[in-house]
Amino acid sequence: MTIVTRPRTISELRESGYKVLTVKEEMRKNLIQNLRREEELFPGIVGYEDTVIPQVENAILSGQDIIFLGERGQAKTRLARSLVNLLDEFIPVIAGCEISDNPYEPVCKACRDKVDEFGDDVEIAWYPEIGAMVRNLRRLILQSLIS
């Protein structure tokens, strides 16, 4: 979907066939796409092409949890940071929602009331998932380290 063709209401989103996926499902879907396109999955990680990277790929494909253990300097943090590249770039949210609510199953009262009143005509926005998440996470980590 390009920006021009993205659905603008919940009804358009339903008609498009969009499905909300868990993070593991989303990562798996995008990993499969990247493998088919033969894209480099973990840029900047050298020396683990035949050992660690295939194990990480298998864990993602099978929906397993991942724990990185090892000595300092073994690319654990670099691997973890590169996993966000397997998330979708944008996700649909109810427009104007403070918590970026799921259009199909809103949690906050304001969004539930909006859906009750307007039904599938509620407007949606496309939230930049990766960029915003990474920036917010880094900001929170830096604040916790400084404090």
# chains A, B, ... in the order shown; residues from 1 in each chain; ligands from 1

call {"tool": "residues_around", "arguments": {"residues": "Ser11 of chain A", "least_positions_apart": "5", "cutoff": "12 Å", "atoms": "only C-alpha atoms", "output": "PyMOL selection string"}}
result
chain A and resi 6+16-18+103-104+115+118-124

call {"tool": "write_last_selection", "arguments": {"atoms": "C-alpha atoms", "output": "PDB file, in the first residue's frame"}}
result
ATOM      1  CA  ARG A   6      -4.004   3.551   2.146  1.00  0.00           C
ATOM      2  CA  SER A  16      -8.590  -3.873   1.960  1.00  0.00           C
ATOM      3  CA  GLY A  17      -8.240  -7.168   3.839  1.00  0.00           C
ATOM      4  CA  TYR A  18      -5.816  -5.715   6.380  1.00  0.00           C
ATOM      5  CA  PRO A 103      -9.092   0.323  14.730  1.00  0.00           C
ATOM      6  CA  TYR A 104     -10.607  -3.160  14.970  1.00  0.00           C
ATOM      7  CA  VAL A 115     -16.741   3.534  17.076  1.00  0.00           C
ATOM      8  CA  PHE A 118     -19.804   6.382  13.870  1.00  0.00           C
ATOM      9  CA  GLY A 119     -19.233   2.653  13.285  1.00  0.00           C
ATOM     10  CA  ASP A 120     -16.907   1.788  10.437  1.00  0.00           C
ATOM     11  CA  ASP A 121     -16.869   5.411   9.230  1.00  0.00           C
ATOM     12  CA  VAL A 122     -14.340   6.310  11.933  1.00  0.00           C
ATOM     13  CA  GLU A 123     -11.224   7.819  10.362  1.00  0.00           C
ATOM     14  CA  ILE A 124      -7.897   6.086  10.730  1.00  0.00           C
TER      15      ILE A 124
END

call {"tool": "select_by_dssp", "arguments": {"residues": "chain A", "states": "strand (DSSP E)", "output": "ChimeraX atom specification"}}
result
/A:90-94,124-128

call {"tool": "write_last_selection", "arguments": {"atoms": "C-alpha atoms", "output": "JSON list (two decimals), in the first residue's frame"}}
result
[["chain", "number", "residue", "atom", "x", "y", "z"],
["A", 90, "PHE", "CA", 3.29, 2.02, 9.31],
["A", 91, "ILE", "CA", 0.32, 0.67, 11.25],
["A", 92, "PRO", "CA", -3.30, 1.84, 11.16],
["A", 93, "VAL", "CA", -4.62, 3.59, 14.27],
["A", 94, "ILE", "CA", -7.79, 5.47, 15.11],
["A", 124, "ILE", "CA", -7.90, 6.09, 10.73],
["A", 125, "ALA", "CA", -4.35, 7.40, 10.48],
["A", 126, "TRP", "CA", -1.16, 5.56, 9.63],
["A", 127, "TYR", "CA", 1.27, 5.68, 12.53],
["A", 128, "PRO", "CA", 5.00, 5.42, 11.73]]

call {"tool": "select_by_dssp", "arguments": {"residues": "chain A", "states": "helix (DSSP H, G or I)", "output": "PyMOL selection string"}}
result
chain A and resi 10-16+23-36+52-61+76-86+109-121+129-146

call {"tool": "residues_around", "arguments": {"residues": "Glu25 of chain A", "least_positions_apart": "6", "cutoff": "12 Å", "atoms": "only C-alpha atoms", "output": "PyMOL selection string"}}
result
chain A and resi 19+31-32+59-64+86-88

call {"tool": "atom_distance", "arguments": {"atom1": "atom CA of Leu35 of chain A", "atom2": "atom CA of Gln74 of chain A"}}
result
23.5 Å

call {"tool": "closest_atom_pairs", "arguments": {"of": "segment 51-113 of chain A", "to": "segment 40-47 of chain A", "cutoff": "12 Å", "atoms": "only C-alpha atoms", "output": "tab-separated table"}}
result
residue	atom	partner	partner_atom	distance
A:Thr51	CA	A:Gly47	CA	8.4
A:Val52	CA	A:Gly47	CA	8.9
A:Ile53	CA	A:Phe42	CA	8.0
A:Pro54	CA	A:Leu41	CA	10.6
A:Val56	CA	A:Phe42	CA	10.3
A:Glu57	CA	A:Leu41	CA	9.2
A:Gly73	CA	A:Ile45	CA	11.1
A:Gln74	CA	A:Ile45	CA	9.3
A:Ala75	CA	A:Ile45	CA	6.8
A:Lys76	CA	A:Ile45	CA	9.7
A:Thr77	CA	A:Ile45	CA	10.6
A:Arg78	CA	A:Ile45	CA	7.5
A:Leu79	CA	A:Phe42	CA	6.9
A:Ala80	CA	A:Phe42	CA	9.7
A:Arg81	CA	A:Phe42	CA	9.5
A:Ser82	CA	A:Phe42	CA	6.2
A:Leu83	CA	A:Phe42	CA	8.1
A:Val84	CA	A:Phe42	CA	10.6
A:Asn85	CA	A:Leu41	CA	8.3
A:Leu86	CA	A:Leu41	CA	8.5

call {"tool": "write_last_selection", "arguments": {"atoms": "N, CA and C atoms", "output": "PDB file, in the first residue's frame"}}
result
ATOM      1  N   THR A  51      26.237 -19.293  11.563  1.00  0.00           N
ATOM      2  CA  THR A  51      25.961 -19.803  12.906  1.00  0.00           C
ATOM      3  C   THR A  51      24.770 -19.097  13.542  1.00  0.00           C
ATOM      4  N   VAL A  52      24.983 -17.894  14.009  1.00  0.00           N
ATOM      5  CA  VAL A  52      23.966 -17.174  14.787  1.00  0.00           C
ATOM      6  C   VAL A  52      22.790 -16.725  13.926  1.00  0.00           C
ATOM      7  N   ILE A  53      23.067 -16.121  12.773  1.00  0.00           N
ATOM      8  CA  ILE A  53      21.996 -15.562  11.941  1.00  0.00           C
ATOM      9  C   ILE A  53      20.984 -16.621  11.516  1.00  0.00           C
ATOM     10  N   PRO A  54      21.411 -17.808  11.052  1.00  0.00           N
ATOM     11  CA  PRO A  54      20.402 -18.829  10.728  1.00  0.00           C
ATOM     12  C   PRO A  54      19.560 -19.247  11.938  1.00  0.00           C
ATOM     13  N   VAL A  56      18.754 -17.260  14.498  1.00  0.00           N
ATOM     14  CA  VAL A  56      17.814 -16.160  14.732  1.00  0.00           C
ATOM     15  C   VAL A  56      16.677 -16.229  13.719  1.00  0.00           C
ATOM     16  N   GLU A  57      17.014 -16.477  12.448  1.00  0.00           N
ATOM     17  CA  GLU A  57      15.988 -16.612  11.409  1.00  0.00           C
ATOM     18  C   GLU A  57      15.020 -17.746  11.746  1.00  0.00           C
ATOM     19  N   GLY A  73      30.900  -7.693  23.011  1.00  0.00           N
ATOM     20  CA  GLY A  73      31.409  -7.522  21.657  1.00  0.00           C
ATOM     21  C   GLY A  73      30.989  -8.590  20.675  1.00  0.00           C
ATOM     22  N   GLN A  74      29.953  -9.348  20.979  1.00  0.00           N
ATOM     23  CA  GLN A  74      29.526 -10.410  20.073  1.00  0.00           C
ATOM     24  C   GLN A  74      28.264 -10.062  19.294  1.00  0.00           C
ATOM     25  N   ALA A  75      27.985  -8.778  19.145  1.00  0.00           N
ATOM     26  CA  ALA A  75      26.894  -8.260  18.290  1.00  0.00           C
ATOM     27  C   ALA A  75      25.498  -8.536  18.826  1.00  0.00           C
ATOM     28  N   LYS A  76      25.362  -8.777  20.116  1.00  0.00           N
ATOM     29  CA  LYS A  76      24.031  -9.026  20.683  1.00  0.00           C
ATOM     30  C   LYS A  76      23.140  -7.797  20.541  1.00  0.00           C
ATOM     31  N   THR A  77      23.642  -6.659  20.931  1.00  0.00           N
ATOM     32  CA  THR A  77      22.853  -5.429  20.858  1.00  0.00           C
ATOM     33  C   THR A  77      22.575  -5.053  19.415  1.00  0.00           C
ATOM     34  N   ARG A  78      23.558  -5.201  18.552  1.00  0.00           N
ATOM     35  CA  ARG A  78      23.366  -4.877  17.133  1.00  0.00           C
ATOM     36  C   ARG A  78      22.283  -5.766  16.521  1.00  0.00           C
ATOM     37  N   LEU A  79      22.286  -7.039  16.868  1.00  0.00           N
ATOM     38  CA  LEU A  79      21.239  -7.948  16.387  1.00  0.00           C
ATOM     39  C   LEU A  79      19.872  -7.524  16.899  1.00  0.00           C
ATOM     40  N   ALA A  80      19.781  -7.236  18.180  1.00  0.00           N
ATOM     41  CA  ALA A  80      18.501  -6.842  18.770  1.00  0.00           C
ATOM     42  C   ALA A  80      17.981  -5.557  18.127  1.00  0.00           C
ATOM     43  N   ARG A  81      18.866  -4.586  17.919  1.00  0.00           N
ATOM     44  CA  ARG A  81      18.445  -3.328  17.292  1.00  0.00           C
ATOM     45  C   ARG A  81      18.001  -3.527  15.857  1.00  0.00           C
ATOM     46  N   SER A  82      18.592  -4.468  15.166  1.00  0.00           N
ATOM     47  CA  SER A  82      18.231  -4.674  13.759  1.00  0.00           C
ATOM     48  C   SER A  82      16.911  -5.427  13.607  1.00  0.00           C
ATOM     49  N   LEU A  83      16.415  -6.037  14.674  1.00  0.00           N
ATOM     50  CA  LEU A  83      15.138  -6.747  14.589  1.00  0.00           C
ATOM     51  C   LEU A  83      13.968  -5.807  14.306  1.00  0.00           C
ATOM     52  N   VAL A  84      14.083  -4.532  14.682  1.00  0.00           N
ATOM     53  CA  VAL A  84      12.989  -3.591  14.402  1.00  0.00           C
ATOM     54  C   VAL A  84      12.799  -3.386  12.905  1.00  0.00           C
ATOM     55  N   ASN A  85      13.821  -3.706  12.109  1.00  0.00           N
ATOM     56  CA  ASN A  85      13.685  -3.595  10.657  1.00  0.00           C
ATOM     57  C   ASN A  85      12.721  -4.623  10.089  1.00  0.00           C
ATOM     58  N   LEU A  86      12.334  -5.590  10.896  1.00  0.00           N
ATOM     59  CA  LEU A  86      11.369  -6.601  10.449  1.00  0.00           C
ATOM     60  C   LEU A  86       9.930  -6.219  10.790  1.00  0.00           C
TER      61      LEU A  86
END

call {"tool": "atom_distance", "arguments": {"atom1": "atom CA of Cys111 of chain A", "atom2": "atom CA of Cys97 of chain A"}}
result
6.9 Å

call {"tool": "closest_residue", "arguments": {"among": "A:Ile67, A:Glu89, A:Val20, A:Glu26", "to": "Glu105 of chain A", "atoms": "only C-alpha atoms"}}
result
A:Val20

call {"tool": "atom_distance", "arguments": {"atom1": "atom CA of Cys108 of chain A", "atom2": "atom CA of Thr5 of chain A"}}
result
27.5 Å
